[in-house]
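Chemist: Okay, so here is final_6.tsv, and as you'll see once you scroll down, it has TSV, C-alpha atoms and all ligand atoms.
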```tsv
chain	number	residue	atom	x	y	z
A	1	MET	CA	67.84	137.52	84.45
A	2	LEU	CA	68.95	133.99	85.29
A	3	PRO	CA	69.39	133.82	89.06
A	4	ASN	CA	72.13	131.94	90.90
A	5	PHE	CA	73.79	130.60	87.77
A	6	TYR	CA	77.16	129.19	88.85
A	7	TYR	CA	79.70	128.85	86.10
A	8	HIS	CA	83.34	129.67	85.42
A	9	PRO	CA	85.45	128.85	82.34
A	10	ARG	CA	87.75	126.72	84.52
A	11	MET	CA	84.98	124.10	84.31
A	12	MET	CA	85.94	123.70	80.64
A	13	SER	CA	89.13	121.98	81.79
A	14	TYR	CA	87.04	118.89	82.54
A	15	ASP	CA	88.18	117.32	79.29
A	16	PHE	CA	89.01	113.69	78.56
A	17	GLY	CA	90.61	114.57	75.22
A	18	PRO	CA	89.69	115.35	71.61
A	19	ARG	CA	88.32	111.88	70.81
A	20	HIS	CA	86.08	111.65	73.86
A	21	PRO	CA	82.33	112.35	73.34
A	22	LEU	CA	82.05	114.66	76.38
A	23	LYS	CA	83.22	117.89	74.79
A	24	PRO	CA	83.64	121.11	76.83
A	25	GLU	CA	82.50	122.97	73.70
A	26	ARG	CA	78.88	122.09	74.50
A	27	LEU	CA	79.24	124.06	77.71
A	28	ARG	CA	80.97	127.00	76.04
A	29	ARG	CA	78.18	127.27	73.43
A	30	THR	CA	75.47	127.07	76.07
A	31	ILE	CA	77.00	129.95	78.02
A	32	GLU	CA	77.54	132.02	74.87
A	33	LEU	CA	73.91	131.51	73.85
A	34	LEU	CA	72.53	132.31	77.30
A	35	GLN	CA	74.66	135.46	77.51
A	36	ARG	CA	72.57	136.81	74.61
A	37	TYR	CA	69.60	136.57	76.98
A	38	GLY	CA	71.28	138.41	79.81
A	39	LEU	CA	73.16	135.66	81.62
A	40	GLU	CA	75.81	136.86	84.03
A	41	PRO	CA	77.35	133.72	85.51
A	42	ILE	CA	78.61	133.73	89.08
A	43	ASP	CA	82.03	132.23	89.76
A	44	PRO	CA	81.49	129.57	92.43
A	45	GLY	CA	85.22	129.47	93.17
A	46	PRO	CA	87.55	126.55	92.58
A	47	GLY	CA	85.84	124.43	95.21
A	48	GLY	CA	87.52	122.13	97.63
A	49	GLN	CA	87.46	118.50	98.56
A	50	LYS	CA	85.01	119.14	101.42
A	51	TYR	CA	82.17	118.91	98.89
A	52	ALA	CA	83.44	115.66	97.40
A	53	MET	CA	83.88	114.16	100.89
A	54	ARG	CA	80.13	114.50	101.50
A	55	VAL	CA	79.39	111.42	99.39
A	56	HIS	CA	82.71	109.91	98.27
A	57	ALA	CA	85.15	107.71	100.14
A	58	ALA	CA	88.22	109.60	101.38
A	59	GLU	CA	90.55	107.09	99.69
A	60	TYR	CA	88.83	107.77	96.36
A	61	VAL	CA	89.08	111.56	96.65
A	62	GLN	CA	92.75	111.11	97.53
A	63	ALA	CA	93.30	108.77	94.57
A	64	VAL	CA	91.74	111.27	92.15
A	65	GLU	CA	94.11	113.92	93.48
A	66	GLN	CA	97.15	111.67	93.14
A	67	LEU	CA	96.24	110.46	89.63
A	68	SER	CA	95.65	114.06	88.58
A	69	GLY	CA	99.27	115.16	89.04
A	70	PRO	CA	101.72	115.44	86.15
A	71	GLY	CA	102.33	111.95	84.83
A	72	GLY	CA	99.70	110.40	87.08
A	73	SER	CA	100.77	108.35	90.07
A	74	SER	CA	102.87	105.23	90.36
A	75	GLU	CA	101.39	104.41	93.77
A	76	VAL	CA	97.71	104.43	92.85
A	77	ASP	CA	96.09	101.85	90.62
A	78	GLY	CA	93.68	103.99	88.60
A	79	TYR	CA	91.84	100.94	87.34
A	80	GLU	CA	90.70	100.09	90.85
A	81	PHE	CA	89.01	103.50	91.04
A	82	GLY	CA	87.32	103.30	87.65
A	83	PHE	CA	89.94	105.09	85.55
A	84	SER	CA	90.87	103.39	82.29
A	85	ALA	CA	91.24	104.20	78.61
A	86	GLY	CA	87.86	104.55	76.94
A	87	ASP	CA	85.12	106.06	79.08
A	88	ASN	CA	87.18	107.45	81.96
A	89	PRO	CA	90.84	107.99	81.14
A	90	SER	CA	92.61	109.84	83.96
A	91	PHE	CA	94.01	113.19	82.86
A	92	LYS	CA	96.36	115.80	84.22
A	93	GLY	CA	94.49	118.35	86.30
A	94	MET	CA	91.34	116.21	86.61
A	95	PHE	CA	91.15	116.76	90.37
A	96	GLU	CA	90.85	120.54	90.02
A	97	ALA	CA	88.58	120.19	86.97
A	98	SER	CA	86.23	117.85	88.85
A	99	LEU	CA	86.18	120.08	91.91
A	100	ALA	CA	85.35	123.01	89.59
A	101	TYR	CA	82.08	121.57	88.27
A	102	LEU	CA	81.26	120.12	91.67
A	103	SER	CA	81.69	123.56	93.19
A	104	GLY	CA	79.11	125.02	90.76
A	105	SER	CA	76.48	122.42	91.65
A	106	ALA	CA	77.25	122.62	95.37
A	107	ARG	CA	76.98	126.41	95.42
A	108	ALA	CA	73.69	126.15	93.52
A	109	ALA	CA	72.41	123.70	96.13
A	110	GLU	CA	73.56	126.01	98.92
A	111	SER	CA	71.63	128.87	97.33
A	112	VAL	CA	68.44	126.81	97.35
A	113	ARG	CA	69.18	125.53	100.85
A	114	ASP	CA	69.48	129.15	101.93
A	115	GLY	CA	66.14	130.17	100.44
A	116	ALA	CA	66.51	130.69	96.67
A	117	ALA	CA	63.71	129.27	94.51
A	118	LEU	CA	66.05	128.39	91.64
A	119	ALA	CA	69.76	127.91	91.06
A	120	TYR	CA	71.85	126.38	88.29
A	121	GLY	CA	74.92	124.16	88.03
A	122	ILE	CA	74.81	123.52	84.30
A	123	ALA	CA	78.35	122.04	84.19
A	124	GLY	CA	77.26	119.36	86.63
A	125	GLY	CA	74.77	116.52	86.48
A	126	LEU	CA	77.51	113.87	86.50
A	127	HIS	CA	75.25	111.17	87.85
A	128	HIS	CA	77.25	107.96	87.28
A	129	ALA	CA	80.12	108.54	89.74
A	130	ARG	CA	80.03	106.08	92.61
A	131	LYS	CA	81.22	106.24	96.18
A	132	ALA	CA	84.75	105.11	95.33
A	133	GLN	CA	84.76	104.88	91.53
A	134	ALA	CA	84.62	107.02	88.44
A	135	ALA	CA	82.06	105.78	85.88
A	136	GLY	CA	80.43	106.92	82.65
A	137	PHE	CA	82.53	110.10	82.19
A	138	CYS	CA	81.79	111.13	85.81
A	139	ILE	CA	84.42	111.60	88.51
A	140	PHE	CA	82.56	113.34	91.36
A	141	ASN	CA	78.82	112.90	91.80
A	142	ASP	CA	77.68	116.51	92.12
A	143	CYS	CA	74.00	115.40	91.96
A	144	ALA	CA	74.40	113.32	95.11
A	145	VAL	CA	76.29	116.17	96.80
A	146	ALA	CA	73.49	118.64	95.93
A	147	ILE	CA	70.95	116.29	97.57
A	148	ASP	CA	73.12	116.08	100.69
A	149	ILE	CA	73.30	119.88	100.93
A	150	LEU	CA	69.52	120.30	100.50
A	151	LEU	CA	68.91	117.80	103.31
A	152	GLU	CA	70.50	120.27	105.73
A	153	ARG	CA	67.33	122.32	105.43
A	154	PHE	CA	64.63	120.19	103.82
A	155	GLU	CA	63.10	117.04	105.25
A	156	LYS	CA	62.20	115.56	101.87
A	157	VAL	CA	64.19	116.02	98.66
A	158	ALA	CA	63.45	114.59	95.22
A	159	TYR	CA	65.99	113.89	92.52
A	160	VAL	CA	64.60	113.91	88.98
A	161	ASP	CA	66.84	112.67	86.16
A	162	ILE	CA	65.76	112.99	82.51
A	163	ASP	CA	69.11	111.95	81.04
A	164	VAL	CA	68.81	108.99	78.65
A	165	HIS	CA	71.15	107.00	80.92
A	166	HIS	CA	70.08	105.70	84.31
A	167	SER	CA	71.73	107.44	87.29
A	168	GLU	CA	72.97	104.36	89.12
A	169	GLY	CA	75.52	106.48	91.01
A	170	VAL	CA	72.83	108.65	92.61
A	171	GLN	CA	70.56	105.68	93.22
A	172	TRP	CA	73.24	103.66	95.00
A	173	LEU	CA	74.32	106.60	97.14
A	174	TRP	CA	70.79	107.49	98.28
A	175	GLN	CA	68.64	104.38	97.95
A	176	HIS	CA	68.62	103.64	101.68
A	177	ASP	CA	67.49	107.10	102.78
A	178	PRO	CA	63.70	107.51	103.10
A	179	ARG	CA	64.06	111.32	102.85
A	180	VAL	CA	65.19	111.11	99.22
A	181	LEU	CA	63.07	110.11	96.20
A	182	VAL	CA	65.26	109.16	93.23
A	183	CYS	CA	63.38	109.31	89.90
A	184	ASN	CA	64.76	108.31	86.51
A	185	ILE	CA	63.36	108.05	83.01
A	186	HIS	CA	65.94	106.44	80.74
A	187	GLN	CA	66.55	103.98	77.94
A	188	ASP	CA	66.18	100.39	79.20
A	189	GLY	CA	69.36	99.13	80.87
A	190	ARG	CA	69.32	95.94	78.81
A	191	THR	CA	70.23	98.05	75.80
A	192	LEU	CA	72.31	100.91	77.20
A	193	PHE	CA	75.03	101.85	79.71
A	194	PRO	CA	75.08	101.50	82.70
A	195	GLY	CA	72.78	98.47	82.46
A	196	THR	CA	70.78	99.38	85.57
A	197	GLY	CA	67.52	101.13	86.45
A	198	PHE	CA	64.83	98.47	86.44
A	199	PRO	CA	61.40	99.22	87.94
A	200	ASP	CA	61.69	96.55	90.59
A	201	ASP	CA	64.72	98.11	92.30
A	202	ARG	CA	62.19	100.20	94.16
A	203	GLY	CA	64.31	100.33	97.35
A	204	GLU	CA	63.46	99.29	100.89
A	205	HIS	CA	61.47	102.52	101.39
A	206	PHE	CA	59.89	102.53	97.90
A	207	THR	CA	61.81	105.70	97.12
A	208	ILE	CA	63.29	104.58	93.79
A	209	ILE	CA	61.20	105.30	90.69
A	210	ASN	CA	62.71	103.79	87.57
A	211	MET	CA	60.88	104.37	84.29
A	212	PRO	CA	62.87	102.60	81.56
A	213	VAL	CA	61.73	103.08	77.96
A	214	ALA	CA	62.52	100.79	75.02
A	215	PRO	CA	65.15	101.78	72.44
A	216	GLY	CA	63.44	103.63	69.60
A	217	THR	CA	60.80	105.16	71.88
A	218	SER	CA	59.36	108.30	70.30
A	219	GLY	CA	59.15	111.59	72.15
A	220	ASP	CA	55.37	111.52	72.57
A	221	VAL	CA	55.60	108.20	74.43
A	222	TRP	CA	58.65	109.33	76.47
A	223	LEU	CA	56.74	112.41	77.61
A	224	TRP	CA	53.59	110.38	78.30
A	225	ALA	CA	55.67	108.02	80.47
A	226	PHE	CA	57.23	110.95	82.32
A	227	GLU	CA	53.83	112.47	82.99
A	228	HIS	CA	52.31	109.16	84.10
A	229	ALA	CA	55.16	107.71	86.17
A	230	ILE	CA	57.49	110.45	87.39
A	231	LEU	CA	55.10	113.37	87.97
A	232	PRO	CA	52.54	111.33	89.98
A	233	ALA	CA	55.38	109.93	92.12
A	234	LEU	CA	56.59	113.47	92.80
A	235	GLU	CA	53.07	114.59	93.68
A	236	ARG	CA	52.66	111.74	96.14
A	237	PHE	CA	56.09	112.15	97.74
A	238	ASP	CA	55.62	115.92	97.95
A	239	PRO	CA	59.27	116.95	98.31
A	240	GLN	CA	60.25	120.37	99.64
A	241	ALA	CA	62.99	120.79	97.06
A	242	ILE	CA	64.08	119.14	93.82
A	243	VAL	CA	67.42	118.42	92.16
A	244	LEU	CA	66.74	118.26	88.43
A	245	GLN	CA	69.34	116.58	86.22
A	246	MET	CA	68.80	117.84	82.66
A	247	GLY	CA	70.75	115.44	80.45
A	248	THR	CA	69.81	116.14	76.82
A	249	ASP	CA	70.94	112.83	75.34
A	250	SER	CA	67.41	111.51	74.83
A	251	HIS	CA	67.25	113.79	71.76
A	252	TRP	CA	66.85	111.88	68.49
A	253	LEU	CA	70.09	113.37	67.12
A	254	ASP	CA	72.19	112.24	70.06
A	255	PRO	CA	74.84	109.72	69.00
A	256	LEU	CA	75.03	107.69	72.23
A	257	ALA	CA	71.49	106.42	72.70
A	258	ARG	CA	68.26	105.63	70.91
A	259	VAL	CA	65.39	107.63	72.34
A	260	GLU	CA	63.73	109.88	69.76
A	261	ASN	CA	62.84	113.03	71.70
A	262	SER	CA	62.42	116.44	70.17
A	263	ALA	CA	63.74	119.44	72.10
A	264	GLN	CA	60.16	120.53	72.84
A	265	GLU	CA	59.02	117.15	74.20
A	266	TRP	CA	62.09	117.05	76.43
A	267	LEU	CA	61.44	120.62	77.58
A	268	ALA	CA	57.85	119.72	78.46
A	269	ALA	CA	59.23	117.38	81.14
A	270	VAL	CA	61.28	120.25	82.59
A	271	GLU	CA	58.10	122.36	82.61
A	272	GLY	CA	56.23	119.54	84.33
A	273	VAL	CA	58.75	119.64	87.18
A	274	GLN	CA	58.65	123.43	87.27
A	275	LYS	CA	54.86	123.40	87.64
A	276	LEU	CA	55.17	121.53	90.93
A	277	GLY	CA	56.26	124.89	92.33
A	278	LYS	CA	59.15	123.60	94.46
A	279	PRO	CA	62.63	125.11	94.76
A	280	ILE	CA	64.86	123.64	92.05
A	281	VAL	CA	68.58	123.02	91.70
A	282	ALA	CA	68.95	122.64	87.92
A	283	LEU	CA	71.97	120.65	86.80
A	284	GLY	CA	73.26	119.70	83.35
A	285	GLY	CA	74.19	116.14	82.43
A	286	GLY	CA	74.72	114.12	79.28
A	287	GLY	CA	74.24	115.26	75.70
A	288	TYR	CA	76.75	114.69	72.92
A	289	ASN	CA	75.47	116.46	69.85
A	290	LEU	CA	76.82	120.00	69.66
A	291	THR	CA	73.80	121.22	67.68
A	292	THR	CA	71.28	120.06	70.29
A	293	VAL	CA	72.84	120.42	73.76
A	294	PRO	CA	73.31	124.22	73.81
A	295	ARG	CA	69.82	125.03	72.53
A	296	MET	CA	68.13	122.50	74.82
A	297	TRP	CA	70.00	123.64	77.93
A	298	ALA	CA	69.48	127.30	77.09
A	299	ALA	CA	65.75	126.71	76.50
A	300	ALA	CA	65.46	124.86	79.81
A	301	CYS	CA	67.38	127.50	81.79
A	302	LEU	CA	65.32	130.35	80.32
A	303	THR	CA	62.05	128.48	80.84
A	304	LEU	CA	62.83	127.67	84.48
A	305	ALA	CA	63.56	131.36	85.08
A	306	GLY	CA	60.23	132.30	83.47
A	307	LEU	CA	61.92	134.19	80.64
A	308	GLU	CA	60.22	134.29	77.26
A	309	PHE	CA	62.25	133.75	74.11
A	310	GLU	CA	61.63	133.53	70.38
A	311	ASN	CA	62.17	130.21	68.65
A	312	ALA	CA	64.86	131.71	66.39
A	313	ILE	CA	68.43	131.54	67.68
A	314	PRO	CA	70.45	134.78	67.23
A	315	ALA	CA	71.51	134.80	63.56
A	316	ASP	CA	75.29	134.76	63.94
A	317	LEU	CA	75.23	131.83	66.36
A	318	ALA	CA	72.61	130.03	64.29
A	319	GLU	CA	74.84	130.27	61.25
A	320	ALA	CA	78.08	129.35	63.04
A	321	TRP	CA	76.56	126.31	64.73
A	322	GLY	CA	74.03	125.20	62.09
A	323	THR	CA	71.14	125.49	64.56
A	324	PRO	CA	68.48	127.95	63.38
A	325	THR	CA	65.93	127.40	66.16
A	326	PHE	CA	65.63	126.22	69.76
A	327	PHE	CA	62.95	123.70	68.87
A	328	ASP	CA	62.80	120.96	66.27
A	329	PRO	CA	60.55	121.17	63.23
A	330	GLU	CA	57.31	119.25	63.86
A	331	PRO	CA	56.14	116.61	63.55
A	332	LEU	CA	58.90	114.12	64.14
A	333	GLU	CA	57.66	110.85	62.68
A	334	PRO	CA	56.86	108.15	63.50
A	335	ARG	CA	54.80	108.60	66.69
A	336	GLY	CA	53.69	106.05	69.29
A	337	CYS	CA	56.90	103.98	69.27
A	338	GLY	CA	57.55	101.99	72.43
A	339	ARG	CA	54.06	102.57	73.81
A	340	LEU	CA	53.32	98.99	74.88
A	341	HIS	CA	56.55	98.73	76.89
A	342	ALA	CA	55.99	102.15	78.49
A	343	GLU	CA	52.38	101.31	79.40
A	344	GLN	CA	53.44	98.07	81.07
A	345	VAL	CA	56.08	99.81	83.20
A	346	VAL	CA	53.72	102.65	84.17
A	347	GLU	CA	51.07	100.15	85.21
A	348	TRP	CA	53.59	98.15	87.25
A	349	LEU	CA	54.83	101.27	89.04
A	350	HIS	CA	51.26	102.32	89.84
A	351	GLU	CA	50.57	98.93	91.36
A	352	ASN	CA	53.84	98.24	93.14
A	353	VAL	CA	55.65	101.44	94.06
A	354	LEU	CA	53.50	104.59	93.98
A	355	PRO	CA	50.91	103.39	96.54
A	356	HIS	CA	53.72	103.16	99.13
A	357	LEU	CA	54.77	106.80	98.74
A	401	ZN	ZN	73.53	110.36	79.59
```
Just give me the structure as structure tokens.

Modeler:
Amino acid sequence: MLPNFYYHPRMMSYDFGPRHPLKPERLRRTIELLQRYGLEPIDPGPGGQKYAMRVHAAEYVQAVEQLSGPGGSSEVDGYEFGFSAGDNPSFKGMFEASLAYLSGSARAAESVRDGAALAYGIAGGLHHARKAQAAGFCIFNDCAVAIDILLERFEKVAYVDIDVHHSEGVQWLWQHDPRVLVCNIHQDGRTLFPGTGFPDDRGEHFTIINMPVAPGTSGDVWLWAFEHAILPALERFDPQAIVLQMGTDSHWLDPLARVENSAQEWLAAVEGVQKLGKPIVALGGGGYNLTTVPRMWAAACLTLAGLEFENAIPADLAEAWGTPTFFDPEPLEPRGCGRLHAEQVVEWLHENVLPHL
């Protein structure tokens, strides 16, 4: 049984169009796969703007609503709020669609705030949205909202982001609050959107942990860096609850970035967070290969719930999707790529940030 799993098909309406890489199909497949393991999703309801108002500017929330109407809005300049062709085209119904995924993450956070050990908002994890701007396929920052909700009960909250892109939206919204540790492991911003996330933005309270890895980094090194930078920071900070953003786009098959993770190396990071024994709000995030996202998310959700599963994916789904197993065949070669860069960053963080936690 997967507890407190908030999902409703209306979240599939978050759709920038057929040529956009963020495809609702990845969500549909994840749910279908998890239903074979007993998932019964809970409808979080359509949500309302009260959640968005926790971290976003009122004028931005209003602009999203106006741009979302039929034909958009002649009064609002979408460009000013981050909407433009390419990454973030505005679309009809985007206000309701954004509130829908936000509602799932917010309800998951409320469950943990109210005492649950684990809750899921797998349609969320949209970590790039800023206070008054859409960015990187993200309209409302459900990760930042989940943190805000947890702070109603917990004195210290950690945000852990394993998406291949740096979560500048979450960092900028929370970097001044000493109660929140924001941790990222991501492909170096000099080579990937959004171009942020350097180790020395450690924040005035030393609560920003940025662990960039070089393009081409292999999964063994990525996991080593996670275990030597992010986990020790979490142990030192000792949060009472964790928001875990589970972007899957560091997989070697992902088309948008160049980190060479296997599903099992990526999952080992999720397990590392789980072993800390803190309440977790588990969110989705990036991931653009339809053969990897559903199996990685399903594996992570089952693992977090302590449910055992065989490596083989149910035969009909395996055949329809071309994905026979949850995990990748081993070994993925070559190994050890990006080690020097990762070692230098880990050493720097141990000298300059971790001692202050
Ligand atoms: Zn991403």

Chemist: Residues at most 10 Å from stretch 214-228 of chain A, counting all atoms listed in the file, excluding those fewer than 5 positions away in the same chain, as a PyMOL selection string?

Modeler: chain A and resi 162+183-192+233+250-252+257-269+272-273+332-343+345-347+349-350

Chemist: I need the chosen residues saved as a CSV table (one decimal), in the coordinates of the input, with C-alpha atoms.

Modeler:
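As a result, result.csv now contains:
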```csv
chain,number,residue,atom,x,y,z
A,162,ILE,CA,65.8,113.0,82.5
A,183,CYS,CA,63.4,109.3,89.9
A,184,ASN,CA,64.8,108.3,86.5
A,185,ILE,CA,63.4,108.0,83.0
A,186,HIS,CA,65.9,106.4,80.7
A,187,GLN,CA,66.6,104.0,77.9
A,188,ASP,CA,66.2,100.4,79.2
A,189,GLY,CA,69.4,99.1,80.9
A,190,ARG,CA,69.3,95.9,78.8
A,191,THR,CA,70.2,98.0,75.8
A,192,LEU,CA,72.3,100.9,77.2
A,233,ALA,CA,55.4,109.9,92.1
A,250,SER,CA,67.4,111.5,74.8
A,251,HIS,CA,67.2,113.8,71.8
A,252,TRP,CA,66.8,111.9,68.5
A,257,ALA,CA,71.5,106.4,72.7
A,258,ARG,CA,68.3,105.6,70.9
A,259,VAL,CA,65.4,107.6,72.3
A,260,GLU,CA,63.7,109.9,69.8
A,261,ASN,CA,62.8,113.0,71.7
A,262,SER,CA,62.4,116.4,70.2
A,263,ALA,CA,63.7,119.4,72.1
A,264,GLN,CA,60.2,120.5,72.8
A,265,GLU,CA,59.0,117.2,74.2
A,266,TRP,CA,62.1,117.0,76.4
A,267,LEU,CA,61.4,120.6,77.6
A,268,ALA,CA,57.8,119.7,78.5
A,269,ALA,CA,59.2,117.4,81.1
A,272,GLY,CA,56.2,119.5,84.3
A,273,VAL,CA,58.8,119.6,87.2
A,332,LEU,CA,58.9,114.1,64.1
A,333,GLU,CA,57.7,110.8,62.7
A,334,PRO,CA,56.9,108.2,63.5
A,335,ARG,CA,54.8,108.6,66.7
A,336,GLY,CA,53.7,106.0,69.3
A,337,CYS,CA,56.9,104.0,69.3
A,338,GLY,CA,57.6,102.0,72.4
A,339,ARG,CA,54.1,102.6,73.8
A,340,LEU,CA,53.3,99.0,74.9
A,341,HIS,CA,56.6,98.7,76.9
A,342,ALA,CA,56.0,102.2,78.5
A,343,GLU,CA,52.4,101.3,79.4
A,345,VAL,CA,56.1,99.8,83.2
A,346,VAL,CA,53.7,102.6,84.2
A,347,GLU,CA,51.1,100.2,85.2
A,349,LEU,CA,54.8,101.3,89.0
A,350,HIS,CA,51.3,102.3,89.8
```

Chemist: Write as a list in words the residues around ligand ZN 401 (chain A), taking 8 Å as the cut-off and counting only C-alpha atoms and all ligand atoms.

Modeler: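 Answer in the requested format: Asp163, Val164, His165, His166, Gly247, Thr248, Asp249, Ser250, Leu256, Gly285, Gly286 and Gly287 of chain A.
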
Chemist: Write out as a PyMOL selection string the residues lying within 9 Å of stretch 290-294 of chain A, counting only C-alpha atoms and excluding same-chain residues fewer than 5 positions away.

Modeler: chain A and resi 23+25-34+247-249+251+253-254+263+299+321-323+326

Chemist: Produce a file of the selected residues containing C-alpha atoms, as a PDB file, keeping the file's coordinate frame.

Modeler:
```pdb
ATOM      1  CA  LYS A  23      83.220 117.890  74.790  1.00  0.00           C
ATOM      2  CA  GLU A  25      82.500 122.970  73.700  1.00  0.00           C
ATOM      3  CA  ARG A  26      78.880 122.090  74.500  1.00  0.00           C
ATOM      4  CA  LEU A  27      79.240 124.060  77.710  1.00  0.00           C
ATOM      5  CA  ARG A  28      80.970 127.000  76.040  1.00  0.00           C
ATOM      6  CA  ARG A  29      78.180 127.270  73.430  1.00  0.00           C
ATOM      7  CA  THR A  30      75.470 127.070  76.070  1.00  0.00           C
ATOM      8  CA  ILE A  31      77.000 129.950  78.020  1.00  0.00           C
ATOM      9  CA  GLU A  32      77.540 132.020  74.870  1.00  0.00           C
ATOM     10  CA  LEU A  33      73.910 131.510  73.850  1.00  0.00           C
ATOM     11  CA  LEU A  34      72.530 132.310  77.300  1.00  0.00           C
ATOM     12  CA  GLY A 247      70.750 115.440  80.450  1.00  0.00           C
ATOM     13  CA  THR A 248      69.810 116.140  76.820  1.00  0.00           C
ATOM     14  CA  ASP A 249      70.940 112.830  75.340  1.00  0.00           C
ATOM     15  CA  HIS A 251      67.250 113.790  71.760  1.00  0.00           C
ATOM     16  CA  LEU A 253      70.090 113.370  67.120  1.00  0.00           C
ATOM     17  CA  ASP A 254      72.190 112.240  70.060  1.00  0.00           C
ATOM     18  CA  ALA A 263      63.740 119.440  72.100  1.00  0.00           C
ATOM     19  CA  ALA A 299      65.750 126.710  76.500  1.00  0.00           C
ATOM     20  CA  TRP A 321      76.560 126.310  64.730  1.00  0.00           C
ATOM     21  CA  GLY A 322      74.030 125.200  62.090  1.00  0.00           C
ATOM     22  CA  THR A 323      71.140 125.490  64.560  1.00  0.00           C
ATOM     23  CA  PHE A 326      65.630 126.220  69.760  1.00  0.00           C
TER      24      PHE A 326
END
```

Chemist: Excluding A:Arg113 and any residue of its chain fewer than 6 positions from it, enumerate the residues within 12 Å of it, using all atoms listed in the file, and give them as a PyMOL selection string.

Modeler: chain A and resi 106-107+119+146-155+157+240-243+279-281

Chemist: Any chance you can output those residues with C-alpha atoms as a PDB file, in the coordinates of the input?

Modeler:
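Output (again29.pdb):
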```pdb
ATOM      1  CA  ALA A 106      77.250 122.620  95.370  1.00  0.00           C
ATOM      2  CA  ARG A 107      76.980 126.410  95.420  1.00  0.00           C
ATOM      3  CA  ALA A 119      69.760 127.910  91.060  1.00  0.00           C
ATOM      4  CA  ALA A 146      73.490 118.640  95.930  1.00  0.00           C
ATOM      5  CA  ILE A 147      70.950 116.290  97.570  1.00  0.00           C
ATOM      6  CA  ASP A 148      73.120 116.080 100.690  1.00  0.00           C
ATOM      7  CA  ILE A 149      73.300 119.880 100.930  1.00  0.00           C
ATOM      8  CA  LEU A 150      69.520 120.300 100.500  1.00  0.00           C
ATOM      9  CA  LEU A 151      68.910 117.800 103.310  1.00  0.00           C
ATOM     10  CA  GLU A 152      70.500 120.270 105.730  1.00  0.00           C
ATOM     11  CA  ARG A 153      67.330 122.320 105.430  1.00  0.00           C
ATOM     12  CA  PHE A 154      64.630 120.190 103.820  1.00  0.00           C
ATOM     13  CA  GLU A 155      63.100 117.040 105.250  1.00  0.00           C
ATOM     14  CA  VAL A 157      64.190 116.020  98.660  1.00  0.00           C
ATOM     15  CA  GLN A 240      60.250 120.370  99.640  1.00  0.00           C
ATOM     16  CA  ALA A 241      62.990 120.790  97.060  1.00  0.00           C
ATOM     17  CA  ILE A 242      64.080 119.140  93.820  1.00  0.00           C
ATOM     18  CA  VAL A 243      67.420 118.420  92.160  1.00  0.00           C
ATOM     19  CA  PRO A 279      62.630 125.110  94.760  1.00  0.00           C
ATOM     20  CA  ILE A 280      64.860 123.640  92.050  1.00  0.00           C
ATOM     21  CA  VAL A 281      68.580 123.020  91.700  1.00  0.00           C
TER      22      VAL A 281
END
```

Chemist: Name the closest residue to A:Arg202 among the candidates A:Glu310, A:Ala63, A:Pro70, A:Leu354; distances are taken between atoms, counting all atoms listed in the file.

Modeler: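 For A:Arg202, the nearest of the candidates is A:Leu354.
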
Chemist: Could you check how far atom CA of A:Arg130 sits from atom CA of A:Glu80, in Å to one decimal?

Modeler: 12.4 Å
